[in-house]
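A.B. asks: Sharing upload.txt below, compact mmCIF, C-alpha atoms:
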```txt
# COMPACT_ATOMS: atom_id res chain seq x y z
CA MET A 13 -6.78 22.78 4.25
CA HIS A 14 -7.17 22.53 0.47
CA THR A 15 -9.77 20.51 -1.42
CA VAL A 16 -8.96 19.24 -4.91
CA SER A 17 -10.92 17.01 -7.29
CA SER A 18 -9.42 13.58 -7.87
CA ASP A 19 -9.18 14.09 -11.64
CA LEU A 20 -7.41 17.43 -11.28
CA LEU A 21 -5.05 16.05 -8.67
CA GLN A 22 -4.20 12.96 -10.73
CA ARG A 23 -3.41 15.08 -13.80
CA PHE A 24 -1.26 17.42 -11.71
CA ILE A 25 0.79 14.60 -10.18
CA GLN A 26 1.22 12.94 -13.56
CA ASP A 27 2.50 16.22 -15.03
CA VAL A 28 5.04 16.49 -12.21
CA PHE A 29 6.43 13.01 -12.85
CA GLU A 30 6.50 13.51 -16.62
CA ALA A 31 8.40 16.76 -16.09
CA VAL A 32 11.27 14.84 -14.46
CA GLY A 33 11.48 12.28 -17.26
CA VAL A 34 9.11 9.51 -16.14
CA ARG A 35 7.53 7.77 -19.12
CA VAL A 36 3.84 8.51 -19.66
CA PRO A 37 2.47 5.01 -18.86
CA ILE A 38 4.47 4.86 -15.63
CA ALA A 39 3.66 8.44 -14.61
CA SER A 40 0.00 7.70 -15.25
CA ARG A 41 0.03 4.48 -13.22
CA VAL A 42 1.88 6.00 -10.26
CA SER A 43 -0.21 9.17 -10.10
CA GLU A 44 -3.42 7.17 -10.42
CA SER A 45 -2.31 4.86 -7.63
CA LEU A 46 -1.36 7.70 -5.28
CA VAL A 47 -4.59 9.62 -5.82
CA LEU A 48 -6.65 6.44 -5.41
CA SER A 49 -5.11 6.03 -1.96
CA ASN A 50 -6.26 9.53 -1.05
CA LEU A 51 -9.72 8.83 -2.46
CA LEU A 52 -10.06 5.79 -0.22
CA GLY A 53 -8.95 7.75 2.83
CA HIS A 54 -5.45 6.24 3.02
CA ASP A 55 -3.69 9.61 2.82
CA SER A 56 -0.52 8.00 4.21
CA HIS A 57 -0.04 6.22 0.87
CA GLY A 58 -1.22 9.06 -1.33
CA ILE A 59 0.21 12.31 -2.66
CA VAL A 60 2.26 12.86 0.49
CA LEU A 61 4.69 10.41 -1.16
CA VAL A 62 5.33 12.57 -4.24
CA ASN A 63 8.15 14.53 -2.60
CA PRO A 64 10.03 11.42 -1.37
CA TYR A 65 9.62 9.85 -4.82
CA LEU A 66 11.06 12.95 -6.49
CA LYS A 67 13.98 12.87 -4.06
CA TRP A 68 14.63 9.20 -4.83
CA LEU A 69 14.54 9.94 -8.56
CA GLU A 70 17.07 12.74 -8.11
CA GLN A 71 19.33 10.48 -6.03
CA GLY A 72 19.10 7.61 -8.53
CA ILE A 73 17.38 5.33 -6.03
CA LEU A 74 14.53 5.00 -8.54
CA ASP A 75 15.17 4.37 -12.25
CA PRO A 76 12.06 5.13 -14.33
CA THR A 77 13.89 4.33 -17.57
CA SER A 78 14.36 0.65 -16.71
CA GLU A 79 12.23 -2.23 -17.97
CA PRO A 80 11.12 -4.69 -15.26
CA GLU A 81 11.71 -8.28 -16.38
CA PRO A 82 11.12 -11.82 -15.08
CA VAL A 83 14.03 -13.50 -13.32
CA GLN A 84 12.12 -16.73 -12.70
CA GLU A 85 9.02 -17.93 -14.50
CA THR A 86 6.98 -21.10 -14.95
CA PRO A 87 3.33 -21.52 -16.01
CA SER A 88 2.25 -20.74 -12.43
CA VAL A 89 5.17 -18.73 -11.00
CA LEU A 90 6.63 -15.30 -11.72
CA ILE A 91 9.37 -13.38 -9.90
CA MET A 92 9.81 -9.92 -11.42
CA ASP A 93 12.99 -7.86 -11.14
CA ALA A 94 11.69 -4.29 -11.00
CA LYS A 95 15.13 -2.93 -12.02
CA ARG A 96 14.70 -0.12 -9.46
CA ASN A 97 11.59 1.16 -11.23
CA PHE A 98 8.54 2.48 -9.41
CA GLY A 99 6.94 -0.19 -7.25
CA GLN A 100 3.47 0.70 -8.51
CA TRP A 101 4.56 -0.09 -12.06
CA SER A 102 6.28 -3.40 -11.28
CA ALA A 103 3.49 -4.53 -8.92
CA PHE A 104 0.89 -3.74 -11.59
CA LEU A 105 2.77 -5.72 -14.25
CA THR A 106 3.32 -8.66 -11.89
CA ILE A 107 -0.20 -9.05 -10.50
CA LYS A 108 -1.64 -8.67 -14.00
CA GLU A 109 0.50 -11.55 -15.24
CA LEU A 110 -0.22 -13.70 -12.16
CA ILE A 111 -3.96 -13.27 -12.72
CA ALA A 112 -3.49 -14.59 -16.27
CA LYS A 113 -1.45 -17.52 -14.96
CA ALA A 114 -4.08 -18.36 -12.33
CA GLU A 115 -6.75 -18.37 -15.01
CA THR A 116 -4.84 -21.18 -16.72
CA CYS A 117 -3.28 -23.03 -13.78
CA GLY A 118 -5.83 -22.42 -11.04
CA VAL A 119 -3.23 -21.08 -8.61
CA ALA A 120 -0.37 -18.69 -9.29
CA ALA A 121 2.25 -17.18 -7.03
CA GLY A 122 5.24 -14.90 -7.27
CA GLY A 123 6.36 -11.41 -6.58
CA VAL A 124 8.57 -8.41 -7.08
CA THR A 125 12.16 -7.74 -6.06
CA ASN A 126 14.60 -4.85 -6.48
CA SER A 127 11.69 -2.42 -6.41
CA GLY A 128 10.81 1.04 -5.25
CA HIS A 129 7.90 1.65 -2.88
CA VAL A 130 4.84 -0.30 -4.11
CA GLY A 131 2.29 2.07 -2.56
CA ARG A 132 -0.97 0.84 -1.07
CA LEU A 133 -0.69 -2.95 -1.04
CA GLY A 134 -4.45 -3.51 -1.16
CA GLU A 135 -4.65 -2.01 -4.65
CA TRP A 136 -2.94 -5.02 -6.19
CA VAL A 137 -5.00 -7.75 -4.53
CA GLU A 138 -8.11 -5.73 -5.35
CA MET A 139 -7.14 -6.08 -9.01
CA ALA A 140 -7.28 -9.85 -8.50
CA ALA A 141 -10.70 -9.64 -6.83
CA ASP A 142 -12.05 -7.39 -9.58
CA ALA A 143 -11.06 -10.14 -12.03
CA GLY A 144 -12.89 -12.76 -9.91
CA PHE A 145 -9.88 -14.19 -8.04
CA ILE A 146 -8.85 -14.29 -4.40
CA GLY A 147 -5.61 -12.36 -3.90
CA LEU A 148 -3.10 -12.41 -1.04
CA ALA A 149 -0.08 -10.13 -0.67
CA PHE A 150 2.87 -9.91 1.70
CA CYS A 151 5.25 -6.94 1.68
CA ASN A 152 8.52 -6.02 3.37
CA VAL A 153 11.56 -3.79 3.02
CA GLY A 154 14.79 -5.72 2.59
CA GLY A 155 18.39 -4.67 2.87
CA ARG A 156 18.02 -2.08 5.61
CA ARG A 157 16.48 -1.70 9.02
CA GLY A 158 12.96 -0.34 9.20
CA THR A 159 11.24 1.80 11.82
CA VAL A 160 9.45 -0.95 13.79
CA ALA A 161 10.72 -2.78 16.87
CA PRO A 162 10.10 -6.52 17.19
CA PHE A 163 7.93 -7.53 20.14
CA GLY A 164 9.87 -7.03 23.36
CA GLY A 165 12.44 -4.75 21.71
CA SER A 166 13.01 -1.01 21.68
CA GLU A 167 15.27 -0.67 18.62
CA ARG A 168 14.41 -0.31 14.94
CA MET A 169 14.45 -3.56 13.00
CA MET A 170 11.45 -4.45 10.80
CA SER A 171 9.59 -2.25 8.35
CA THR A 172 5.85 -1.66 8.72
CA ASN A 173 5.47 -4.84 6.59
CA PRO A 174 1.84 -4.68 5.39
CA PHE A 175 -0.40 -7.65 4.60
CA ALA A 176 -3.33 -7.53 2.19
CA ALA A 177 -6.04 -9.84 0.87
CA ALA A 178 -9.08 -9.36 -1.36
CA ILE A 179 -12.08 -11.65 -1.82
CA PRO A 180 -14.56 -11.15 -4.66
CA LEU A 181 -18.28 -11.12 -3.86
CA GLU A 182 -21.29 -11.29 -6.13
CA ASP A 183 -23.21 -8.05 -6.65
CA ARG A 184 -21.19 -6.02 -4.14
CA ASN A 185 -17.69 -4.66 -3.62
CA PRO A 186 -15.02 -7.19 -2.67
CA ILE A 187 -13.79 -7.69 0.87
CA VAL A 188 -10.44 -5.86 0.99
CA ILE A 189 -8.12 -6.43 3.95
CA ASP A 190 -5.06 -4.19 4.05
CA PHE A 191 -3.08 -3.22 7.12
CA ALA A 192 0.43 -2.52 8.35
CA THR A 193 1.80 -4.89 10.96
CA SER A 194 2.79 -1.85 13.02
CA VAL A 195 0.12 -0.05 15.05
CA VAL A 196 0.19 2.72 12.44
CA ALA A 197 1.87 2.99 9.05
CA GLU A 198 4.83 5.37 8.85
CA GLY A 199 2.92 7.53 6.37
CA LYS A 200 0.22 8.12 8.99
CA VAL A 201 2.92 9.42 11.32
CA ARG A 202 4.03 11.81 8.57
CA ILE A 203 0.44 13.00 8.07
CA ALA A 204 0.05 13.55 11.83
CA GLN A 205 3.30 15.51 11.83
CA ASN A 206 2.10 17.66 8.92
CA LYS A 207 -1.20 18.35 10.67
CA GLY A 208 0.47 19.03 14.01
CA VAL A 209 -1.58 16.43 15.89
CA ASP A 210 -0.64 13.67 18.32
CA LEU A 211 -0.69 9.95 17.59
CA PRO A 212 -2.89 7.62 19.63
CA PRO A 213 -1.15 6.14 22.70
CA GLY A 214 0.63 2.84 22.14
CA CYS A 215 2.04 3.56 18.67
CA LEU A 216 5.49 4.84 19.38
CA LEU A 217 8.53 4.84 21.64
CA ASP A 218 10.94 7.78 21.65
CA LYS A 219 14.70 7.36 21.24
CA HIS A 220 15.02 6.65 24.95
CA GLY A 221 12.52 3.78 24.75
CA LYS A 222 9.75 5.71 26.48
CA PRO A 223 6.12 5.76 25.20
CA SER A 224 5.30 8.85 23.14
CA VAL A 225 2.40 10.33 21.18
CA ASN A 226 4.54 12.98 19.44
CA PRO A 227 5.03 12.07 15.74
CA ASN A 228 8.26 14.10 15.68
CA ASP A 229 9.83 11.55 18.01
CA LEU A 230 9.82 8.90 15.26
CA TYR A 231 12.09 11.11 13.15
CA ASP A 232 14.36 11.77 16.11
CA GLY A 233 15.43 8.16 16.62
CA GLY A 234 12.14 6.77 17.89
CA VAL A 235 10.53 3.49 16.92
CA LEU A 236 7.06 2.25 15.96
CA LEU A 237 5.47 -0.70 17.76
CA PRO A 238 3.87 -3.80 16.20
CA PHE A 239 0.09 -4.03 16.50
CA GLY A 240 -1.21 -6.55 19.00
CA GLY A 241 2.20 -7.09 20.56
CA HIS A 242 3.54 -10.52 19.65
CA LYS A 243 0.81 -11.11 17.05
CA GLY A 244 1.72 -8.20 14.78
CA SER A 245 5.39 -8.91 15.30
CA ALA A 246 4.93 -12.54 14.22
CA LEU A 247 2.98 -11.54 11.11
CA SER A 248 5.69 -9.00 10.28
CA LEU A 249 8.27 -11.78 10.52
CA LEU A 250 6.16 -13.91 8.16
CA ASN A 251 6.07 -11.02 5.68
CA ASP A 252 9.86 -10.78 5.82
CA VAL A 253 10.09 -14.47 4.95
CA MET A 254 7.47 -14.42 2.18
CA ALA A 255 8.27 -11.06 0.59
CA GLY A 256 11.97 -10.91 1.45
CA LEU A 257 13.41 -14.40 1.40
CA LEU A 258 11.19 -16.03 -1.25
CA THR A 259 11.67 -13.17 -3.72
CA GLY A 260 15.32 -12.54 -2.93
CA SER A 261 14.61 -8.97 -1.84
CA GLY A 262 16.24 -9.62 1.52
CA VAL A 263 15.38 -8.94 5.14
CA PRO A 264 16.47 -6.10 7.45
CA GLN A 265 20.23 -6.18 8.01
CA GLU A 266 22.09 -2.95 7.39
CA GLU A 267 21.56 0.21 9.39
CA ASP A 268 21.00 2.36 6.31
CA GLY A 269 20.79 0.19 3.22
CA ARG A 270 18.95 0.99 -0.01
CA LEU A 271 15.14 0.87 -0.12
CA ASN A 272 14.05 -2.44 -1.63
CA ASN A 273 10.37 -3.30 -1.43
CA GLY A 274 9.75 -7.03 -1.72
CA VAL A 275 6.24 -8.26 -2.48
CA PHE A 276 4.87 -11.78 -2.72
CA PHE A 277 1.46 -12.47 -4.27
CA ILE A 278 -0.76 -15.54 -4.26
CA VAL A 279 -3.68 -15.60 -6.70
CA LEU A 280 -6.38 -18.27 -6.38
CA ARG A 281 -9.01 -19.10 -8.98
CA ILE A 282 -12.12 -19.96 -6.97
CA GLU A 283 -13.32 -22.62 -9.40
CA THR A 284 -10.15 -24.59 -8.69
CA PHE A 285 -11.61 -25.40 -5.27
CA ARG A 286 -15.38 -24.84 -5.37
CA ALA A 287 -18.18 -24.33 -7.84
CA LEU A 288 -18.39 -20.58 -8.35
CA ASN A 289 -22.12 -20.29 -7.65
CA ALA A 290 -21.75 -22.27 -4.42
CA PHE A 291 -18.88 -20.08 -3.22
CA PHE A 292 -20.63 -16.82 -4.04
CA GLY A 293 -23.88 -17.99 -2.48
CA GLU A 294 -22.26 -19.04 0.78
CA ALA A 295 -20.08 -15.91 0.85
CA ARG A 296 -23.18 -13.74 0.38
CA ASP A 297 -25.00 -15.49 3.22
CA TYR A 298 -21.97 -15.20 5.48
CA VAL A 299 -21.51 -11.47 4.81
CA ASN A 300 -25.22 -10.85 5.46
CA PHE A 301 -24.99 -12.84 8.70
CA VAL A 302 -21.95 -10.87 9.90
CA LYS A 303 -23.64 -7.57 9.07
CA SER A 304 -26.82 -8.60 10.89
CA VAL A 305 -25.04 -8.44 14.27
CA ARG A 306 -26.35 -5.66 16.53
CA PRO A 307 -23.97 -2.67 16.41
CA ALA A 308 -21.93 -1.86 19.49
CA PRO A 309 -22.31 1.54 21.19
CA GLY A 310 -20.75 4.21 19.01
CA PHE A 311 -21.27 2.26 15.78
CA ASN A 312 -24.10 2.56 13.26
CA GLU A 313 -23.52 -0.82 11.65
CA VAL A 314 -21.09 -3.70 11.32
CA MET A 315 -18.93 -3.00 8.28
CA MET A 316 -16.96 -5.45 6.19
CA PRO A 317 -13.30 -4.71 5.42
CA GLY A 318 -13.25 -2.31 2.49
CA GLU A 319 -16.64 -0.73 3.16
CA PRO A 320 -15.32 2.32 5.04
CA GLU A 321 -12.94 3.02 2.14
CA ALA A 322 -15.78 2.71 -0.39
CA GLN A 323 -17.83 5.23 1.57
CA THR A 324 -14.90 7.63 1.83
CA ALA A 325 -14.23 7.32 -1.91
CA ALA A 326 -17.84 8.17 -2.74
CA GLU A 327 -17.67 11.26 -0.51
CA ARG A 328 -14.33 12.43 -1.86
CA ARG A 329 -15.33 11.91 -5.49
CA ALA A 330 -18.32 14.15 -4.87
CA GLN A 331 -16.70 16.74 -2.59
CA GLY A 332 -13.01 16.60 -3.51
CA ILE A 333 -9.93 15.28 -1.72
CA PRO A 334 -8.83 17.23 1.39
CA VAL A 335 -5.11 17.99 1.52
CA ASP A 336 -3.48 19.51 4.61
CA ASP A 337 -1.58 22.77 4.21
CA VAL A 338 1.91 21.31 4.78
CA THR A 339 1.43 18.51 2.22
CA TRP A 340 -0.02 20.95 -0.31
CA HIS A 341 2.82 23.43 0.20
CA ASN A 342 5.49 20.74 -0.16
CA LEU A 343 3.82 19.35 -3.27
CA THR A 344 3.27 22.66 -5.07
CA GLU A 345 6.78 23.86 -4.19
CA ALA A 346 8.29 20.67 -5.66
CA ALA A 347 6.09 21.04 -8.75
CA ALA A 348 7.20 24.62 -9.27
CA GLY A 349 10.79 23.42 -9.07
CA VAL A 350 10.26 21.24 -12.13
CA GLY A 351 8.19 23.83 -14.01
CA VAL A 352 4.68 22.56 -13.27
CA ALA A 353 2.04 25.02 -12.09
CA ALA A 354 -0.27 23.92 -9.31
CA PRO A 355 -4.00 23.71 -9.99
CA VAL A 356 -6.25 26.18 -8.21
CA ALA A 357 -7.42 24.36 -5.05
```
Can you present the structure in this file as structure tokens?
C.D. replies:
Amino acid sequence: MHTVSSDLLQRFIQDVFEAVGVRVPIASRVSESLVLSNLLGHDSHGIVLVNPYLKWLEQGILDPTSEPEPVQETPSVLIMDAKRNFGQWSAFLTIKELIAKAETCGVAAGGVTNSGHVGRLGEWVEMAADAGFIGLAFCNVGGRRGTVAPFGGSERMMSTNPFAAAIPLEDRNPIVIDFATSVVAEGKVRIAQNKGVDLPPGCLLDKHGKPSVNPNDLYDGGVLLPFGGHKGSALSLLNDVMAGLLTGSGVPQEEDGRLNNGVFFIVLRIETFRALNAFFGEARDYVNFVKSVRPAPGFNEVMMPGEPEAQTAAERRAQGIPVDDVTWHNLTEAAAGVGVAAPVA
């Protein structure tokens, strides 16, 4: 296991992307986004993705030279064609513009199509909450089958199709809800594989349709399961409609089509619906009420969504980000291949 400071790691990743021709603003945004995921404890959406991104750049699946542009826009709507650029870049540009539209119109909605992987979905709705807005996000992968079986099935169909929402609070961190509609995200399977550990029961079927805890089975024709059975499967279907059909990104069809992350955002200005002081006051009282519940055995307190990540970020900022040996080896080897020396970890 290696431990690296977040600043050192972010600079290292940015140097790697710049070395393969990614423009500085985009390299900075993507590296910052990946390292932030590690800081928050979501290693599945962090630097483990650098190697796949480099592969996609080499194959032309990602085009960092393109300029994302609107394909549909009104005062309250924006659909952004990412032009095959990094998803983190197009999602950042889109949510930033939708926040500005919601400031004027009260409600704004739209999304991203023709995009690379957008990373941790919660990052973008958290931007809305940090600006004082409620943000909702739906995400899918269109154009090709994913790794998740629909409820009652044993074949790959949907992607892990995450959902995210963020709610601003007064004088404390926002509530941030962010989860895959599969039992585990695919990146968590990759991390388990790198660490050589089993998955929890109920996550995975092998290629024969039998339950498995071996992460290697996913990459040998296995399939992930939706969380909560029919509930996660239904929410995944909703994400395909919102992020795939409304944006034009598409829904799963081909066996091996091109990666195309679709994202649909809704941004709500609170004052459009309630006086701001009334909303924040009632939200504060509600959060305090929820947290006043007696903890269950094995828990120290009731935590709001986003609080565990905030605690992890504080610890990792102080102590450094842990990186497993396989991820670190793959990353430093790829960096050396493009002429970037690894920092001393």
A.B. asks: Would you please work out which residue, of A:Cys117, A:Ala348, A:Val188, A:Val275, is nearest to Thr259 in chain A when using only C-alpha atoms?
C.D. replies: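 Closest to Thr259 in chain A of all the choices is A:Val275.
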A.B. asks: Given only C-alpha atoms as the basis, pick out the residue of A:Arg132, A:Arg23, A:Trp101, A:Val28 nearest to Asn63 in chain A.
C.D. replies: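 Checking each candidate against Asn63 in chain A, we get A:Val28 as the closest.
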A.B. asks: Measure the distance from CA of Glu70 in chain A to CA of Leu271 in chain A in Å and round it to one decimal.
C.D. replies: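 Atom-to-atom, CA of Glu70 in chain A and CA of Leu271 in chain A are spaced 14.4 Å apart.
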A.B. asks: Looking at A:His242, A:Arg306, A:His14, A:Arg281, which one is nearest to Gly165 in chain A, with distances taken over all atoms listed in the file?
C.D. replies: A:His242
A.B. asks: Find the residues of range 252-323 of chain A that sit at most 12 Å from range 92-97 of chain A; for each, write down the nearest two atoms and how far apart they are in Å, to one decimal. Count only C-alpha atoms. Sort by chain, then by number going up, and give it as JSON lines.
C.D. replies:
```
{"residue": "A:Leu258", "atom": "CA", "partner": "A:Met92", "partner_atom": "CA", "distance": 11.9}
{"residue": "A:Thr259", "atom": "CA", "partner": "A:Met92", "partner_atom": "CA", "distance": 8.6}
{"residue": "A:Gly260", "atom": "CA", "partner": "A:Asp93", "partner_atom": "CA", "distance": 9.7}
{"residue": "A:Ser261", "atom": "CA", "partner": "A:Asp93", "partner_atom": "CA", "distance": 9.5}
{"residue": "A:Arg270", "atom": "CA", "partner": "A:Arg96", "partner_atom": "CA", "distance": 10.4}
{"residue": "A:Leu271", "atom": "CA", "partner": "A:Arg96", "partner_atom": "CA", "distance": 9.4}
{"residue": "A:Asn272", "atom": "CA", "partner": "A:Arg96", "partner_atom": "CA", "distance": 8.2}
{"residue": "A:Asn273", "atom": "CA", "partner": "A:Arg96", "partner_atom": "CA", "distance": 9.7}
{"residue": "A:Gly274", "atom": "CA", "partner": "A:Ala94", "partner_atom": "CA", "distance": 9.9}
{"residue": "A:Val275", "atom": "CA", "partner": "A:Met92", "partner_atom": "CA", "distance": 9.8}
{"residue": "A:Phe276", "atom": "CA", "partner": "A:Met92", "partner_atom": "CA", "distance": 10.2}
{"residue": "A:Phe277", "atom": "CA", "partner": "A:Met92", "partner_atom": "CA", "distance": 11.3}
```
A.B. asks: Take the residues that were just selected and, keeping C-alpha atoms, output them as a tab-separated table (two decimals), in the coordinates of the input.
C.D. replies:
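Final output, part-v4.tsv:
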```
chain	number	residue	atom	x	y	z
A	258	LEU	CA	11.19	-16.03	-1.25
A	259	THR	CA	11.67	-13.17	-3.72
A	260	GLY	CA	15.32	-12.54	-2.93
A	261	SER	CA	14.61	-8.97	-1.84
A	270	ARG	CA	18.95	0.99	-0.01
A	271	LEU	CA	15.14	0.87	-0.12
A	272	ASN	CA	14.05	-2.44	-1.63
A	273	ASN	CA	10.37	-3.30	-1.43
A	274	GLY	CA	9.75	-7.03	-1.72
A	275	VAL	CA	6.24	-8.26	-2.48
A	276	PHE	CA	4.87	-11.78	-2.72
A	277	PHE	CA	1.46	-12.47	-4.27
```
A.B. asks: Up to 10 Å from (-25.4, -6.5, 11.4) in the file's coordinates: name the residues, counting all atoms listed in the file, as a list of chain:residue names.
C.D. replies: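 Checking each residue against the 10 Å limit leaves A:Val299, A:Asn300, A:Phe301, A:Val302, A:Lys303, A:Ser304, A:Val305, A:Arg306, A:Pro307, A:Ala308, A:Asn312, A:Glu313, A:Val314, A:Met315, A:Met316.
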A.B. asks: At what distance in Å, to one decimal, does CA of Val130 in chain A lie from CA of Ala103 in chain A?
C.D. replies: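 Distance reported for this atom pair: 6.5 Å.
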A.B. asks: Which residues, written as a PyMOL selection string, have at least one atom at most 9 Å from range 17-22 of chain A, with all atoms listed in the file counted and residues fewer than 2 positions away on the same chain left out?
C.D. replies: chain A and resi 15+24-27+40+43-48+50-51+59+328-334+355+357
A.B. asks: State, in Å with one decimal place, the distance from CA of Glu182 in chain A to CA of Thr324 in chain A.
C.D. replies: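 Straight-line distance from CA of Glu182 in chain A to CA of Thr324 in chain A works out to 21.5 Å.
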A.B. asks: Closest to Ala121 in chain A among A:Asp218, A:Asp55, A:Glu138, A:Glu85, using all atoms listed in the file?
C.D. replies: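 Closest candidate: A:Glu85.
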A.B. asks: Mind checking which residues fall within 10 Å of Ala178 in chain A, counting all atoms listed in the file, ignoring those fewer than 6 positions away in the same chain, and posting them as JSON, numbers by chain?
C.D. replies: {"A": [134, 135, 136, 137, 138, 139, 140, 141, 142, 144, 145, 146, 147, 148, 149, 186, 187, 188, 189, 190, 279, 317, 318]}
A.B. asks: Filtering to C-alpha atoms, could you give me those residues as a PDB file, in the frame of the given file?
C.D. replies:
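Okay, selection34.pdb is ready:
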```
ATOM      1  CA  GLY A 134      -4.450  -3.510  -1.160  1.00  0.00           C
ATOM      2  CA  GLU A 135      -4.650  -2.010  -4.650  1.00  0.00           C
ATOM      3  CA  TRP A 136      -2.940  -5.020  -6.190  1.00  0.00           C
ATOM      4  CA  VAL A 137      -5.000  -7.750  -4.530  1.00  0.00           C
ATOM      5  CA  GLU A 138      -8.110  -5.730  -5.350  1.00  0.00           C
ATOM      6  CA  MET A 139      -7.140  -6.080  -9.010  1.00  0.00           C
ATOM      7  CA  ALA A 140      -7.280  -9.850  -8.500  1.00  0.00           C
ATOM      8  CA  ALA A 141     -10.700  -9.640  -6.830  1.00  0.00           C
ATOM      9  CA  ASP A 142     -12.050  -7.390  -9.580  1.00  0.00           C
ATOM     10  CA  GLY A 144     -12.890 -12.760  -9.910  1.00  0.00           C
ATOM     11  CA  PHE A 145      -9.880 -14.190  -8.040  1.00  0.00           C
ATOM     12  CA  ILE A 146      -8.850 -14.290  -4.400  1.00  0.00           C
ATOM     13  CA  GLY A 147      -5.610 -12.360  -3.900  1.00  0.00           C
ATOM     14  CA  LEU A 148      -3.100 -12.410  -1.040  1.00  0.00           C
ATOM     15  CA  ALA A 149      -0.080 -10.130  -0.670  1.00  0.00           C
ATOM     16  CA  PRO A 186     -15.020  -7.190  -2.670  1.00  0.00           C
ATOM     17  CA  ILE A 187     -13.790  -7.690   0.870  1.00  0.00           C
ATOM     18  CA  VAL A 188     -10.440  -5.860   0.990  1.00  0.00           C
ATOM     19  CA  ILE A 189      -8.120  -6.430   3.950  1.00  0.00           C
ATOM     20  CA  ASP A 190      -5.060  -4.190   4.050  1.00  0.00           C
ATOM     21  CA  VAL A 279      -3.680 -15.600  -6.700  1.00  0.00           C
ATOM     22  CA  PRO A 317     -13.300  -4.710   5.420  1.00  0.00           C
ATOM     23  CA  GLY A 318     -13.250  -2.310   2.490  1.00  0.00           C
TER      24      GLY A 318
END
```
A.B. asks: Using all atoms listed in the file, which of the listed residues (A:Ser194, A:Thr159, A:Asn185, A:Gln100) sits closest to Ala322 in chain A?
C.D. replies: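 Ranked by minimum distance to Ala322 in chain A, first place goes to A:Asn185.
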A.B. asks: Please produce range 290-301 of chain A, completed to N, CA and C atoms, as a CSV table (one decimal), in the frame of the given file.
C.D. replies:
```
chain,number,residue,atom,x,y,z
A,290,ALA,N,-21.7,-21.8,-5.8
A,290,ALA,CA,-21.8,-22.3,-4.4
A,290,ALA,C,-20.9,-21.3,-3.5
A,291,PHE,N,-19.7,-21.0,-4.0
A,291,PHE,CA,-18.9,-20.1,-3.2
A,291,PHE,C,-19.6,-18.7,-3.0
A,292,PHE,N,-20.0,-18.1,-4.1
A,292,PHE,CA,-20.6,-16.8,-4.0
A,292,PHE,C,-21.9,-16.8,-3.2
A,293,GLY,N,-22.7,-17.9,-3.3
A,293,GLY,CA,-23.9,-18.0,-2.5
A,293,GLY,C,-23.6,-18.1,-1.0
A,294,GLU,N,-22.6,-18.9,-0.6
A,294,GLU,CA,-22.3,-19.0,0.8
A,294,GLU,C,-21.6,-17.8,1.3
A,295,ALA,N,-20.8,-17.2,0.4
A,295,ALA,CA,-20.1,-15.9,0.8
A,295,ALA,C,-21.1,-14.8,1.1
A,296,ARG,N,-22.1,-14.7,0.2
A,296,ARG,CA,-23.2,-13.7,0.4
A,296,ARG,C,-23.9,-13.9,1.7
A,297,ASP,N,-24.3,-15.2,2.0
A,297,ASP,CA,-25.0,-15.5,3.2
A,297,ASP,C,-24.1,-15.2,4.4
A,298,TYR,N,-22.9,-15.5,4.3
A,298,TYR,CA,-22.0,-15.2,5.5
A,298,TYR,C,-21.8,-13.7,5.7
A,299,VAL,N,-21.6,-12.9,4.7
A,299,VAL,CA,-21.5,-11.5,4.8
A,299,VAL,C,-22.8,-10.9,5.4
A,300,ASN,N,-23.9,-11.3,4.9
A,300,ASN,CA,-25.2,-10.8,5.5
A,300,ASN,C,-25.4,-11.2,6.9
A,301,PHE,N,-24.9,-12.4,7.3
A,301,PHE,CA,-25.0,-12.8,8.7
A,301,PHE,C,-24.1,-12.0,9.6
```
